[in-house]
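A short write-up of the structure that comes next.
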Amino acid sequence: MDFETFDAVAHEMWDQIPEDYKEGIDGLVVSPEVEAHPEHEDYWTMGMCYTEPYPSGYMGPETTRSFLALYYGSFQKVAERTPDFDWEGEIWETITHELRHHLEFLAEDDALEGVDYAMEEAYKRGQGMEFDPFYYQAGDEVEEGVFQVEYEVYVEQRWTDEEFEVQDELVFELEGRRYSIPTPGELGDVHYVWVHGVDLGGGSLQLVFVRELSFWQRLRRFFRRERPDLLESEASAVPVS
């Protein structure tokens, strides 16, 4: 998609958003530039919400002004490494994501900041860098123990070694349906299992098995500064009636 088309599509989508949701926003700016991440050279910022509150104790659209920016160059960079890159879908996702930043700022709600943190930690994990093993918990908790970070869904389960070792299969529930996978050979401290066979409409699913430690085990690890044992595997899920 060239810049002129990108600009036209973005503004057409912006015009479709009801005005009530755009109170306090001065407009959408489309830039041809690449916006690089300040810490990761191959991670690009596709959009930003720039917000400036005026001096007031009232956090409302009259005293809080924002504008949204999209960076065409960043979209290009991501598209170059993603063969099936959905330009229109990503434009819409970015606009609504940044719009939510503005609305949450008005409501003094930082939930989306947690999602941004989780996305950055997921990127570090993918690049083999050090990362927060529980980054997914900063995403949206859509069900008890189920967290969503953009298109990624994480189902967390906590097990002791004794409980885990006697399981032939592990059952989990998602959106009212139950599935099972074969029990992995090791529990680890945090074990991420990429799950195949569950249709999330284009997203991906990971089970996260967390080892339950006693107080004394946690205390001993803290003083020894032991790094957690992080594992990663794949499994295919089957429905459980």
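As shown in the structure tokens, the chain order sets the letters A, B, ...; within each chain, residues go from 1, and ligands are also counted from 1 in the order they appear.
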I need the residues of range 76-231 of chain A that end up classed as helix (DSSP H, G or I) by DSSP on the backbone, written out as a ChimeraX atom specification.
/A:76-80,87-106,111-126,135-138,161-165,215-224
Within 9 Å of Ile91 in chain A, counting only C-alpha atoms, which residues show up once you throw out same-chain ones fewer than 5 positions away? Write them as a tab-separated table (two decimals) with C-alpha atoms, in the first residue's frame, please.
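The resulting result-v2.tsv:
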chain	number	residue	atom	x	y	z
A	6	PHE	CA	-2.59	4.62	3.43
A	9	VAL	CA	-7.79	4.71	4.23
A	10	ALA	CA	-6.71	5.92	7.68
A	13	MET	CA	-11.65	4.93	9.09
A	46	MET	CA	3.03	2.09	14.38
A	70	LEU	CA	0.16	6.87	12.50
A	75	PHE	CA	3.79	-0.14	8.82
A	86	ASP	CA	-3.31	-7.03	6.60
A	96	THR	CA	-8.62	2.10	17.95
What is the CA of Phe209 in chain A-CA of Glu169 in chain A distance in Å, reported with one decimal?
13.0 Å
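With only C-alpha atoms as the atoms that count, the residue of A:Asp140, A:Glu234, A:Glu98, A:Glu88 with the shortest distance to Asp7 in chain A is A:Glu88.
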Shell of 9 Å around range 188-200 of chain A, only C-alpha atoms, local chain residues under 5 positions omitted, as a PyMOL selection string:
chain A and resi 133-134+151+153-154+179+181+205-213+228-239
Residues as selected, N, CA and C atoms, written as a short mmCIF file (atom, residue, chain, number, x, y, z; two decimals), in the first residue's frame, can you do that?
data_model
loop_
_atom_site.label_atom_id
_atom_site.label_comp_id
_atom_site.auth_asym_id
_atom_site.auth_seq_id
_atom_site.Cartn_x
_atom_site.Cartn_y
_atom_site.Cartn_z
N PRO A 133 8.81 -13.21 33.03
CA PRO A 133 8.10 -14.45 32.72
C PRO A 133 6.58 -14.33 32.86
N PHE A 134 6.12 -13.36 33.64
CA PHE A 134 4.67 -13.23 33.87
C PHE A 134 4.10 -12.00 33.15
N TYR A 151 -3.52 -10.22 19.93
CA TYR A 151 -4.13 -11.42 19.36
C TYR A 151 -3.69 -12.69 20.08
N VAL A 153 -3.61 -15.21 23.31
CA VAL A 153 -4.38 -15.59 24.49
C VAL A 153 -3.53 -16.56 25.33
N TYR A 154 -3.50 -16.32 26.63
CA TYR A 154 -2.72 -17.13 27.56
C TYR A 154 -3.66 -17.70 28.61
N TYR A 179 -10.87 -28.44 26.70
CA TYR A 179 -9.91 -29.11 25.81
C TYR A 179 -8.88 -29.81 26.68
N ILE A 181 -4.66 -31.51 26.47
CA ILE A 181 -3.41 -31.77 25.76
C ILE A 181 -2.65 -32.83 26.53
N LEU A 205 -2.83 -19.30 20.84
CA LEU A 205 -3.12 -19.69 22.22
C LEU A 205 -1.89 -20.32 22.85
N GLN A 206 -1.60 -19.91 24.08
CA GLN A 206 -0.55 -20.55 24.85
C GLN A 206 -1.09 -20.91 26.23
N LEU A 207 -0.78 -22.12 26.66
CA LEU A 207 -0.99 -22.49 28.05
C LEU A 207 0.28 -22.12 28.80
N VAL A 208 0.11 -21.62 30.00
CA VAL A 208 1.27 -21.28 30.83
C VAL A 208 1.15 -22.06 32.13
N PHE A 209 2.03 -23.05 32.30
CA PHE A 209 2.05 -23.85 33.52
C PHE A 209 3.08 -23.25 34.46
N VAL A 210 2.62 -22.92 35.66
CA VAL A 210 3.48 -22.27 36.65
C VAL A 210 3.66 -23.21 37.83
N ARG A 211 4.91 -23.43 38.22
CA ARG A 211 5.19 -24.30 39.36
C ARG A 211 4.86 -23.58 40.67
N GLU A 212 4.06 -24.22 41.49
CA GLU A 212 3.76 -23.68 42.82
C GLU A 212 4.92 -24.00 43.76
N LEU A 213 5.47 -22.97 44.36
CA LEU A 213 6.58 -23.13 45.29
C LEU A 213 6.14 -22.78 46.71
N PRO A 228 14.60 -18.37 37.08
CA PRO A 228 13.55 -19.38 36.90
C PRO A 228 13.84 -20.28 35.70
N ASP A 229 13.40 -21.52 35.81
CA ASP A 229 13.55 -22.49 34.72
C ASP A 229 12.39 -22.29 33.74
N LEU A 230 12.67 -21.66 32.60
CA LEU A 230 11.64 -21.35 31.61
C LEU A 230 11.68 -22.38 30.48
N LEU A 231 10.54 -22.97 30.19
CA LEU A 231 10.43 -23.98 29.14
C LEU A 231 9.40 -23.54 28.11
N GLU A 232 9.53 -24.11 26.91
CA GLU A 232 8.60 -23.80 25.83
C GLU A 232 8.41 -25.05 24.99
N SER A 233 7.16 -25.37 24.65
CA SER A 233 6.88 -26.55 23.84
C SER A 233 5.60 -26.32 23.03
N GLU A 234 5.20 -27.32 22.26
CA GLU A 234 3.99 -27.25 21.46
C GLU A 234 3.12 -28.48 21.75
N ALA A 235 1.81 -28.34 21.53
CA ALA A 235 0.90 -29.47 21.72
C ALA A 235 -0.36 -29.22 20.91
N SER A 236 -1.04 -30.29 20.56
CA SER A 236 -2.32 -30.19 19.87
C SER A 236 -3.43 -30.51 20.86
N ALA A 237 -4.46 -29.67 20.85
CA ALA A 237 -5.57 -29.82 21.79
C ALA A 237 -6.71 -30.59 21.14
N VAL A 238 -7.43 -31.35 21.96
CA VAL A 238 -8.63 -32.04 21.50
C VAL A 238 -9.79 -31.67 22.40
N PRO A 239 -11.01 -31.52 21.86
CA PRO A 239 -12.16 -31.17 22.70
C PRO A 239 -12.45 -32.25 23.72
#
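Taking only C-alpha atoms into account, Lys77 in chain A lies nearest to A:Thr45 out of the set A:Thr45, A:Gln157, A:Gln137, A:Ser31.
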Point out the residue among A:Lys22, A:Lys124, A:Arg158, A:His97 with the least atom-to-atom distance to Ser66 in chain A, counting only C-alpha atoms.
A:Lys22
Neighbouring residues of Glu165 in chain A were defined as those with any atom within 9 Å, considering only C-alpha atoms; residues of the same chain fewer than 5 positions away were excluded. Please report them as an mmCIF file with C-alpha atoms, in the first residue's frame.
data_model
loop_
_atom_site.group_PDB
_atom_site.id
_atom_site.type_symbol
_atom_site.label_atom_id
_atom_site.label_comp_id
_atom_site.auth_asym_id
_atom_site.auth_seq_id
_atom_site.Cartn_x
_atom_site.Cartn_y
_atom_site.Cartn_z
ATOM 1 C CA THR A 160 2.838 -28.524 42.273
ATOM 2 C CA THR A 183 1.068 -33.644 29.767
ATOM 3 C CA GLY A 185 7.516 -34.156 30.073
ATOM 4 C CA GLU A 186 8.641 -31.351 32.404
ATOM 5 C CA LEU A 187 6.860 -28.720 34.444
#
